[in-house]
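The structure file my_file-v7.txt is reproduced below (compact mmCIF, C-alpha atoms and all ligand atoms).
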```
# COMPACT_ATOMS: atom_id res chain seq x y z
CA MET A 268 29.03 -117.72 71.33
CA LYS A 269 29.80 -115.28 68.51
CA ILE A 270 32.95 -116.11 66.59
CA GLY A 271 34.81 -114.27 63.84
CA ILE A 272 36.65 -116.49 61.37
CA VAL A 273 39.32 -114.99 59.13
CA CYS A 274 40.53 -117.12 56.23
CA TYR A 275 41.68 -117.19 52.64
CA PRO A 276 38.65 -117.65 50.43
CA THR A 277 40.30 -119.78 47.76
CA PHE A 278 40.38 -123.51 47.03
CA GLY A 279 43.45 -124.01 49.30
CA GLY A 280 43.16 -126.33 52.27
CA SER A 281 43.28 -123.64 54.95
CA GLY A 282 40.29 -121.78 53.53
CA VAL A 283 38.34 -125.00 53.02
CA LEU A 284 39.04 -126.14 56.56
CA ALA A 285 38.12 -122.76 58.07
CA THR A 286 34.87 -122.61 56.11
CA GLU A 287 33.83 -126.15 56.98
CA LEU A 288 34.64 -125.43 60.63
CA GLY A 289 32.46 -122.31 60.60
CA LYS A 290 29.58 -124.15 58.91
CA ALA A 291 29.74 -127.01 61.42
CA LEU A 292 29.79 -124.56 64.34
CA ALA A 293 26.84 -122.66 62.86
CA ASP A 294 24.91 -125.94 62.72
CA LYS A 295 25.59 -126.29 66.43
CA GLY A 296 24.11 -122.86 67.16
CA TYR A 297 27.22 -120.67 67.21
CA ILE A 298 26.96 -117.34 65.38
CA ILE A 299 29.73 -117.22 62.81
CA HIS A 300 31.10 -114.13 61.05
CA PHE A 301 33.43 -114.92 58.14
CA ILE A 302 35.82 -112.14 57.21
CA SER A 303 37.76 -112.37 53.96
CA TYR A 304 38.44 -110.51 50.71
CA LYS A 305 36.11 -112.77 48.72
CA GLN A 306 33.30 -115.15 49.59
CA PRO A 307 34.99 -118.44 50.63
CA VAL A 308 34.43 -121.12 47.98
CA ARG A 309 32.76 -123.59 50.31
CA LEU A 310 30.45 -120.91 51.74
CA ASP A 311 27.89 -121.76 49.13
CA SER A 312 24.48 -121.71 50.78
CA PHE A 313 22.40 -119.63 53.17
CA HIS A 314 22.57 -120.36 56.88
CA PRO A 315 20.76 -118.20 59.44
CA ASN A 316 23.77 -118.29 61.81
CA ILE A 317 26.37 -117.33 59.21
CA PHE A 318 27.39 -113.81 58.19
CA TYR A 319 29.99 -112.77 55.68
CA HIS A 320 31.97 -109.52 55.73
CA GLU A 321 34.02 -108.63 52.69
CA VAL A 322 37.28 -106.74 53.07
CA SER A 323 37.73 -104.42 50.15
CA VAL A 324 40.93 -102.47 49.86
CA PRO A 325 40.47 -98.95 48.50
CA THR A 326 43.24 -98.20 46.03
CA TYR A 327 44.82 -94.83 45.40
CA PRO A 328 47.34 -93.86 42.72
CA LEU A 329 49.88 -93.51 45.53
CA PHE A 330 49.61 -97.16 46.53
CA ASP A 331 51.80 -99.52 44.55
CA PHE A 332 50.66 -102.23 46.96
CA PRO A 333 47.10 -102.07 48.28
CA PRO A 334 47.37 -102.30 52.11
CA TYR A 335 45.22 -105.39 52.70
CA GLU A 336 46.52 -105.95 56.21
CA SER A 337 45.39 -102.48 57.35
CA ALA A 338 42.01 -102.86 55.66
CA LEU A 339 41.53 -106.25 57.32
CA SER A 340 42.44 -104.82 60.75
CA SER A 341 39.87 -102.04 60.31
CA VAL A 342 37.15 -104.46 59.27
CA LEU A 343 38.00 -106.66 62.25
CA VAL A 344 37.66 -103.71 64.64
CA ASP A 345 34.32 -102.86 63.07
CA VAL A 346 32.90 -106.40 63.11
CA ILE A 347 34.17 -107.25 66.60
CA SER A 348 32.64 -104.05 68.05
CA ASN A 349 29.37 -103.94 66.19
CA GLU A 350 28.61 -107.66 66.20
CA LYS A 351 29.88 -108.07 69.77
CA LEU A 352 32.09 -111.04 68.98
CA ASP A 353 33.41 -113.20 71.83
CA LEU A 354 36.37 -114.65 69.98
CA LEU A 355 38.38 -114.37 66.78
CA HIS A 356 39.83 -117.41 65.03
CA VAL A 357 42.31 -116.64 62.27
CA HIS A 358 43.57 -119.23 59.81
CA TYR A 359 47.06 -118.82 58.36
CA ALA A 360 49.58 -116.62 60.12
CA ILE A 361 50.25 -114.10 57.36
CA PRO A 362 48.71 -111.58 57.44
CA HIS A 363 45.75 -112.74 59.48
CA ALA A 364 47.47 -113.10 62.84
CA SER A 365 49.17 -109.73 62.59
CA SER A 366 45.91 -108.05 61.55
CA ALA A 367 44.17 -109.68 64.51
CA TYR A 368 46.90 -108.36 66.81
CA MET A 369 46.53 -104.85 65.40
CA ALA A 370 42.72 -104.96 65.74
CA ASN A 371 43.06 -106.10 69.35
CA GLN A 372 45.41 -103.26 70.15
CA ILE A 373 42.92 -100.75 68.76
CA LEU A 374 40.05 -102.33 70.70
CA ARG A 375 42.04 -102.33 73.95
CA LYS A 376 42.32 -98.55 73.68
CA GLN A 377 38.50 -98.58 73.65
CA GLY A 378 38.40 -100.82 76.71
CA LYS A 379 37.43 -103.97 74.78
CA ASN A 380 39.30 -107.23 74.74
CA ILE A 381 38.58 -110.47 72.93
CA PRO A 382 40.89 -113.47 72.62
CA PHE A 383 42.22 -114.56 69.24
CA ILE A 384 43.34 -118.01 68.12
CA THR A 385 45.78 -118.55 65.29
CA THR A 386 45.65 -121.83 63.39
CA LEU A 387 48.82 -122.68 61.49
CA HIS A 388 48.20 -124.58 58.29
CA GLY A 389 51.52 -125.23 56.65
CA THR A 390 53.13 -123.01 54.12
CA ASP A 391 52.56 -120.00 56.39
CA ILE A 392 55.27 -121.66 58.51
CA THR A 393 57.30 -123.91 56.25
CA LEU A 394 57.71 -121.59 53.27
CA VAL A 395 56.46 -118.04 53.69
CA GLY A 396 57.05 -117.65 57.41
CA LYS A 397 60.66 -118.77 57.22
CA ASP A 398 61.44 -116.04 54.71
CA LYS A 399 63.60 -113.53 56.61
CA MET A 400 61.32 -110.78 55.31
CA TYR A 401 58.38 -112.11 57.31
CA GLU A 402 60.00 -114.07 60.12
CA SER A 403 59.89 -111.43 62.86
CA VAL A 404 56.25 -110.53 62.21
CA VAL A 405 55.23 -114.19 62.05
CA THR A 406 57.03 -114.99 65.32
CA PHE A 407 55.59 -111.95 67.06
CA SER A 408 52.00 -112.42 65.96
CA ILE A 409 52.00 -116.15 66.73
CA ASN A 410 53.30 -115.41 70.23
CA GLU A 411 50.72 -112.66 70.73
CA SER A 412 47.87 -115.07 69.90
CA ASP A 413 45.88 -116.17 72.94
CA ALA A 414 46.05 -119.73 71.64
CA ILE A 415 47.90 -121.39 68.79
CA THR A 416 46.83 -124.54 67.00
CA ALA A 417 48.59 -126.56 64.31
CA VAL A 418 46.95 -129.08 62.02
CA SER A 419 49.46 -131.87 62.69
CA GLU A 420 52.16 -132.91 65.09
CA ASN A 421 54.67 -132.43 62.31
CA LEU A 422 53.61 -128.80 61.83
CA ARG A 423 53.74 -128.16 65.58
CA ASP A 424 57.30 -129.55 65.69
CA GLU A 425 58.35 -127.65 62.55
CA THR A 426 57.01 -124.42 64.06
CA ASN A 427 58.88 -124.98 67.30
CA ARG A 428 62.05 -125.80 65.35
CA SER A 429 61.86 -122.74 63.12
CA PHE A 430 60.56 -120.03 65.47
CA VAL A 431 60.96 -119.12 69.12
CA ILE A 432 57.44 -119.89 70.28
CA GLU A 433 56.66 -119.09 73.88
CA LYS A 434 53.31 -120.84 74.17
CA LYS A 435 52.03 -124.37 73.84
CA ILE A 436 50.90 -125.23 70.34
CA HIS A 437 47.74 -127.35 70.46
CA VAL A 438 47.47 -129.97 67.73
CA ILE A 439 43.98 -130.12 66.28
CA PRO A 440 44.07 -132.19 63.11
CA ASN A 441 42.16 -131.42 59.94
CA PHE A 442 38.82 -133.14 59.58
CA VAL A 443 36.54 -134.47 56.89
CA ASP A 444 32.77 -134.48 56.73
CA ILE A 445 32.14 -138.14 56.00
CA LYS A 446 28.49 -137.42 55.20
CA ARG A 447 29.70 -135.42 52.22
CA PHE A 448 33.00 -137.12 51.40
CA SER A 449 31.77 -140.67 51.13
CA HIS A 450 31.62 -143.15 48.31
CA SER A 451 28.52 -142.92 46.15
CA ASN A 452 27.55 -144.81 43.06
CA LYS A 453 28.51 -142.76 40.02
CA ASP A 454 28.75 -145.59 37.50
CA HIS A 455 27.28 -143.53 34.66
CA PHE A 456 29.97 -140.95 35.25
CA LYS A 457 32.69 -143.61 35.45
CA LYS A 458 31.54 -145.05 32.11
CA MET A 459 32.06 -141.67 30.48
CA LEU A 460 35.61 -141.30 31.73
CA ALA A 461 36.71 -144.93 31.67
CA PRO A 462 34.48 -146.61 29.06
CA ASN A 463 36.45 -149.87 29.09
CA ASN A 464 36.45 -150.15 32.87
CA GLU A 465 39.99 -148.84 33.13
CA LYS A 466 41.30 -148.18 36.64
CA ILE A 467 41.08 -144.51 37.63
CA LEU A 468 43.80 -142.60 39.43
CA ALA A 469 43.17 -139.11 40.78
CA HIS A 470 45.17 -136.14 41.97
CA VAL A 471 43.76 -133.00 43.59
CA SER A 472 45.85 -129.92 44.32
CA ASN A 473 46.47 -126.29 43.54
CA PHE A 474 49.29 -127.29 41.18
CA ARG A 475 51.96 -125.42 43.09
CA LYS A 476 55.58 -126.55 42.81
CA VAL A 477 55.43 -128.02 46.32
CA LYS A 478 52.83 -130.55 45.05
CA ARG A 479 55.34 -132.16 42.61
CA VAL A 480 52.54 -132.76 40.11
CA GLU A 481 55.14 -133.91 37.57
CA ASP A 482 55.71 -137.01 39.73
CA VAL A 483 52.04 -137.88 39.24
CA VAL A 484 52.39 -137.58 35.46
CA TYR A 485 55.65 -139.55 35.26
CA ALA A 486 54.40 -142.30 37.59
CA PHE A 487 51.18 -142.55 35.59
CA GLU A 488 53.18 -143.09 32.41
CA LYS A 489 54.81 -146.12 34.04
CA ILE A 490 51.54 -147.50 35.46
CA ARG A 491 49.82 -147.09 32.10
CA GLN A 492 52.43 -149.29 30.46
CA GLU A 493 51.22 -152.21 32.57
CA ILE A 494 47.47 -151.79 33.00
CA PRO A 495 44.70 -149.89 31.23
CA CYS A 496 44.07 -146.78 33.33
CA LYS A 497 43.03 -143.13 33.33
CA LEU A 498 44.31 -140.19 35.33
CA LEU A 499 42.08 -137.37 36.54
CA MET A 500 43.89 -134.16 37.45
CA ILE A 501 41.67 -131.92 39.55
CA GLY A 502 42.51 -128.33 40.43
CA ASP A 503 44.41 -125.55 38.81
CA GLY A 504 47.50 -123.49 39.46
CA PRO A 505 50.91 -122.41 38.25
CA GLU A 506 52.14 -125.85 37.12
CA ARG A 507 49.09 -126.87 35.12
CA GLN A 508 50.29 -125.70 31.71
CA HIS A 509 53.66 -127.43 32.18
CA MET A 510 51.85 -130.61 33.08
CA GLU A 511 49.65 -130.48 30.00
CA GLN A 512 52.78 -129.95 27.92
CA LEU A 513 54.51 -132.86 29.68
CA CYS A 514 51.60 -135.19 28.88
CA ARG A 515 51.87 -134.20 25.23
CA GLU A 516 55.60 -134.95 25.26
CA LEU A 517 55.03 -138.31 26.95
CA GLY A 518 52.15 -139.15 24.59
CA THR A 519 49.78 -139.86 27.49
CA CYS A 520 47.18 -137.15 26.80
CA ASP A 521 44.52 -139.63 25.66
CA ASP A 522 44.41 -141.11 29.14
CA ILE A 523 44.71 -137.95 31.21
CA ARG A 524 41.92 -135.46 31.86
CA PHE A 525 42.65 -132.06 33.39
CA LEU A 526 39.36 -131.20 35.03
CA GLY A 527 40.30 -127.83 36.56
CA LYS A 528 38.75 -126.59 39.80
CA GLN A 529 35.76 -128.69 40.81
CA GLU A 530 33.10 -128.01 43.42
CA GLN A 531 31.90 -131.62 43.81
CA VAL A 532 35.26 -133.34 44.23
CA GLU A 533 33.58 -136.18 46.15
CA GLU A 534 31.79 -137.30 42.97
CA ILE A 535 35.09 -137.64 41.13
CA LEU A 536 36.72 -139.36 44.08
CA SER A 537 33.80 -141.81 44.13
CA ILE A 538 34.83 -143.21 40.76
CA SER A 539 38.56 -143.27 41.60
CA ASP A 540 40.60 -146.32 42.62
CA LEU A 541 43.73 -144.56 43.84
CA PHE A 542 44.74 -141.09 44.96
CA LEU A 543 48.28 -139.80 44.32
CA LEU A 544 49.86 -137.11 46.53
CA PRO A 545 53.63 -136.93 45.95
CA SER A 546 54.12 -133.49 47.61
CA ALA A 547 57.52 -132.26 48.74
CA TYR A 548 55.72 -131.10 51.89
CA GLU A 549 52.22 -131.27 53.34
CA SER A 550 51.55 -130.18 56.88
CA PHE A 551 48.58 -132.56 56.80
CA GLY A 552 47.25 -133.35 53.32
CA LEU A 553 43.53 -132.63 53.60
CA ALA A 554 43.00 -133.71 49.98
CA ALA A 555 44.24 -137.21 50.86
CA LEU A 556 41.89 -137.40 53.85
CA GLU A 557 38.93 -136.40 51.66
CA ALA A 558 39.93 -139.15 49.22
CA MET A 559 40.05 -141.70 52.06
CA GLY A 560 36.54 -140.64 53.13
CA CYS A 561 35.44 -141.67 49.62
CA GLU A 562 37.20 -145.05 50.10
CA VAL A 563 40.17 -144.22 47.92
CA PRO A 564 43.58 -145.54 49.08
CA VAL A 565 46.46 -143.06 48.88
CA ILE A 566 49.94 -143.38 47.42
CA SER A 567 51.76 -140.40 48.89
CA SER A 568 55.16 -139.12 49.82
CA ASN A 569 56.23 -139.48 53.43
CA ALA A 570 56.70 -135.71 53.76
CA GLY A 571 55.53 -133.58 56.68
CA GLY A 572 52.37 -134.68 58.41
CA ILE A 573 51.17 -137.09 55.70
CA PRO A 574 52.28 -140.21 57.65
CA GLU A 575 49.95 -139.10 60.45
CA ILE A 576 47.01 -139.92 58.17
CA ASN A 577 48.21 -142.28 55.44
CA ILE A 578 49.35 -145.51 57.08
CA HIS A 579 51.92 -147.40 55.02
CA GLY A 580 50.64 -150.83 54.00
CA VAL A 581 47.19 -150.16 55.46
CA THR A 582 45.46 -147.15 53.89
CA GLY A 583 47.93 -146.85 51.03
CA PHE A 584 51.67 -146.54 50.70
CA LEU A 585 54.31 -143.93 51.52
CA THR A 586 57.34 -143.22 49.35
CA GLU A 587 60.37 -140.98 49.60
CA VAL A 588 59.78 -137.61 47.94
CA GLY A 589 60.50 -137.87 44.19
CA ASP A 590 60.64 -141.68 44.06
CA ILE A 591 58.57 -142.13 40.92
CA ASP A 592 59.43 -145.82 40.58
CA ALA A 593 58.07 -146.47 44.07
CA ILE A 594 54.87 -144.55 43.32
CA ALA A 595 54.34 -146.69 40.21
CA LYS A 596 55.29 -149.95 41.97
CA PHE A 597 52.93 -149.41 44.93
CA SER A 598 50.13 -148.24 42.65
CA LEU A 599 50.42 -151.37 40.54
CA GLU A 600 50.59 -153.55 43.65
CA LEU A 601 47.09 -152.35 44.53
CA LEU A 602 45.61 -151.93 41.09
CA LYS A 603 46.58 -155.45 40.01
CA ASP A 604 45.16 -157.15 43.10
CA GLU A 605 41.39 -156.69 43.46
CA ASP A 606 41.24 -158.20 46.96
CA LYS A 607 44.05 -156.04 48.27
CA LEU A 608 42.54 -152.96 46.67
CA LYS A 609 39.21 -153.73 48.31
CA LEU A 610 40.85 -154.16 51.72
CA PHE A 611 42.79 -150.89 51.39
CA LYS A 612 39.61 -149.07 50.36
CA LYS A 613 37.92 -150.32 53.53
CA ASN A 614 40.95 -149.34 55.63
CA ALA A 615 41.04 -145.87 54.05
CA LEU A 616 37.46 -145.25 55.11
CA ALA A 617 38.11 -146.52 58.65
CA GLN A 618 41.07 -144.17 58.96
CA ALA A 619 39.07 -141.20 57.61
CA GLN A 620 36.38 -141.90 60.20
CA LYS A 621 38.90 -141.16 62.97
CA PHE A 622 39.13 -137.64 61.53
CA ASN A 623 35.40 -137.26 61.04
CA ILE A 624 34.19 -133.73 61.65
CA ASN A 625 32.15 -134.81 64.71
CA ASN A 626 35.31 -136.00 66.46
CA ILE A 627 37.38 -132.89 65.78
CA ILE A 628 34.96 -129.95 66.19
CA PRO A 629 34.66 -130.52 69.99
CA LEU A 630 38.42 -129.96 70.29
CA TYR A 631 37.97 -126.45 68.90
CA GLU A 632 34.85 -125.89 71.02
CA ASN A 633 36.75 -126.78 74.21
CA LEU A 634 39.54 -124.39 73.32
CA TYR A 635 37.06 -121.61 72.54
CA ALA A 636 35.21 -122.14 75.83
CA SER A 637 38.38 -122.04 77.91
CA LEU A 638 39.59 -118.82 76.25
CA VAL A 639 36.25 -117.05 76.52
CA ASN A 640 35.91 -118.05 80.19
CA GLU A 641 39.44 -116.85 80.94
CA ASN A 642 38.66 -113.58 79.21
CA LYS A 643 35.47 -113.12 81.27
CA GLN A 644 37.42 -113.68 84.48
CA ILE A 645 39.99 -111.06 83.49
CA ALA A 646 37.21 -108.60 82.64
O1 LIG B 701 48.44 -127.05 50.11
C1 LIG B 701 48.27 -125.90 49.76
O2 LIG B 701 48.90 -125.40 48.84
C2 LIG B 701 47.23 -125.06 50.41
C3 LIG B 701 47.53 -124.89 51.85
C4 LIG B 701 46.77 -123.75 52.47
O3 LIG B 701 47.35 -123.12 53.30
O4 LIG B 701 45.61 -123.51 52.16
O5 LIG B 701 47.26 -126.13 52.52
C5 LIG B 701 47.85 -126.31 53.78
O6 LIG B 701 46.79 -126.38 54.72
C6 LIG B 701 45.94 -127.53 54.59
C7 LIG B 701 44.82 -127.42 55.62
O7 LIG B 701 45.31 -127.39 56.91
C8 LIG B 701 46.77 -128.81 54.74
O8 LIG B 701 45.94 -129.94 54.63
C9 LIG B 701 47.86 -128.83 53.65
O9 LIG B 701 48.66 -129.98 53.85
C10 LIG B 701 48.70 -127.58 53.76
N1 LIG B 701 49.62 -127.53 52.62
C11 LIG B 701 50.96 -127.62 52.76
O10 LIG B 701 51.49 -127.78 53.84
C12 LIG B 701 51.73 -127.55 51.50
```
Render the structure in this file as structure tokens.
Amino acid sequence: MKIGIVCYPTFGGSGVLATELGKALADKGYIIHFISYKQPVRLDSFHPNIFYHEVSVPTYPLFDFPPYESALSSVLVDVISNEKLDLLHVHYAIPHASSAYMANQILRKQGKNIPFITTLHGTDITLVGKDKMYESVVTFSINESDAITAVSENLRDETNRSFVIEKKIHVIPNFVDIKRFSHSNKDHFKKMLAPNNEKILAHVSNFRKVKRVEDVVYAFEKIRQEIPCKLLMIGDGPERQHMEQLCRELGTCDDIRFLGKQEQVEEILSISDLFLLPSAYESFGLAALEAMGCEVPVISSNAGGIPEINIHGVTGFLTEVGDIDAIAKFSLELLKDEDKLKLFKKNALAQAQKFNINNIIPLYENLYASLVNENKQIA
């Protein structure tokens, strides 16, 4: 089967998920065509079954806003026709679903028809999509998709609450490749960052407001008052400078390292004892799942779909959004009790295994097969 995958190429979860999905499918013999405006970050090595098509948007003095959506639609028409794709899978509603719709309309005029799937990832629904400016286009293009998937039950329910959706939304959760995201011995690396065997806490995000990174910094200040520890802040984004400033104000800089965007996050997670994710909303929280794969328990908020992966009192703890005292209390409960920490690390891995890539990819394959068969029957 030949599949086109449209995604954002950046470090965000939707792009990562889409890329890992395409790579796993390529390993299984599918021919995968990625279409994006930049090479996706996790598309980092050659694979004979993988192709990449870049969407460049010609600019003209007349354009105050380069028309990416139109350029993407044109590239989709071109790739679908010339590469004879069987199916298109777009990740993130805006503008990918509407571009897919437009491309399909153009192809229908030429007597061609391929199904397209839209996968909803989170902020395309909970933040951007709800904006009145986009709402009608989001609703329309989701409904025009031949199949819709959401990465958690919470996101499915949120979508149905916020939009008038006429089709079933299939829940296919995010996945983790446990072969890659697993604990490995990086003692030499740990010694560099925590020379006195301090406990290590980690946070990974794109430092957007929704991540509430300040809760990580404030909670760490409290934890640090009770036990020797270090905090590793991985990723980059709009809040990073504020956070560096906040650490200076709190006098905690000596124990906090801002590592920026990292390709080998699993190596950093391997030396971490706890993962903090205090987000105001997460449709799923892929970063937490990747941490669990590396045997790192998670202290997270109870927002959105996070409780579907982080089990309170088993794989970590859940707190109300913004409850810094609870984040610190639960962190200390684990960090001060070696046996409990060990048990939670084991539980975190067991939970991550449920979401192992091998268990989730077949759910997408089944959906693809049913859509392609239906399409053949119509043709
Ligand atoms: O979290 C982000 O800021 C990135 C965002 C994205 O769209 O790339 O992530 C969303 O999709 C991920 C993959 O499905 C989910 O694991 C994240 O929870 C979700 N983020 C939010 O809902 C805030």
Review point. Which value, in Å to one decimal, gives the distance between atom CA of A:Asp454 and atom CA of A:Arg507?
Key: 27.7 Å
Practice item. Check every protein, DNA and RNA residue against ligand LIG 701 (chain B), keep those with an atom at most 9 Å away (counting only C-alpha atoms and all ligand atoms), and present them as a ChimeraX atom specification. Key: /A:275,277-285,358-359,386-394,417-419,422,440-441,472-475,477-478,546-556,571-573
Review point. Near A:Ala367, counting only C-alpha atoms, which residues have an atom at most 10 Å away, once you skip same-chain residues fewer than 6 positions from it, shown as JSON, numbers by chain?
Key: {"A": [273, 336, 339, 340, 341, 343, 344, 355, 356, 357, 360, 373, 382, 383, 384, 385, 408, 411, 412]}
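The nearest approach to A:Asp482 among the residues A:Asp592, A:Glu533, A:Glu433, A:Asp606, with only C-alpha atoms taken into account, belongs to A:Asp592.
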Check your understanding: Can you list, as a ChimeraX atom specification, every protein, DNA or RNA residue that comes within 12 Å of A:Lys596 when you count all atoms listed in the file, leaving out same-chain residues fewer than 4 positions away?
Key -> /A:486-493,566,584-586,590-592,600-603
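The nearest approach to A:Phe611 among the residues A:Cys520, A:Leu374, A:Ala593, A:Val563, with all atoms listed in the file taken into account, belongs to A:Val563.
Note that the spacing between atom CA of A:Pro325 and atom CA of A:Val342 amounts to 12.5 Å.
For the pair atom CA of A:Val565 and atom CA of A:Leu541, the separation is 5.9 Å.
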Let me have the centre and edge lengths in Å, one decimal, of the box along x, y and z around every listed atom of stretch 561-574 of chain A with 5 Å of margin on each side, as AutoDock Vina command-line options.
```
--center_x 46.1 --center_y -139.6 --center_z 52.9 --size_x 31.3 --size_y 22.0 --size_z 21.0
```
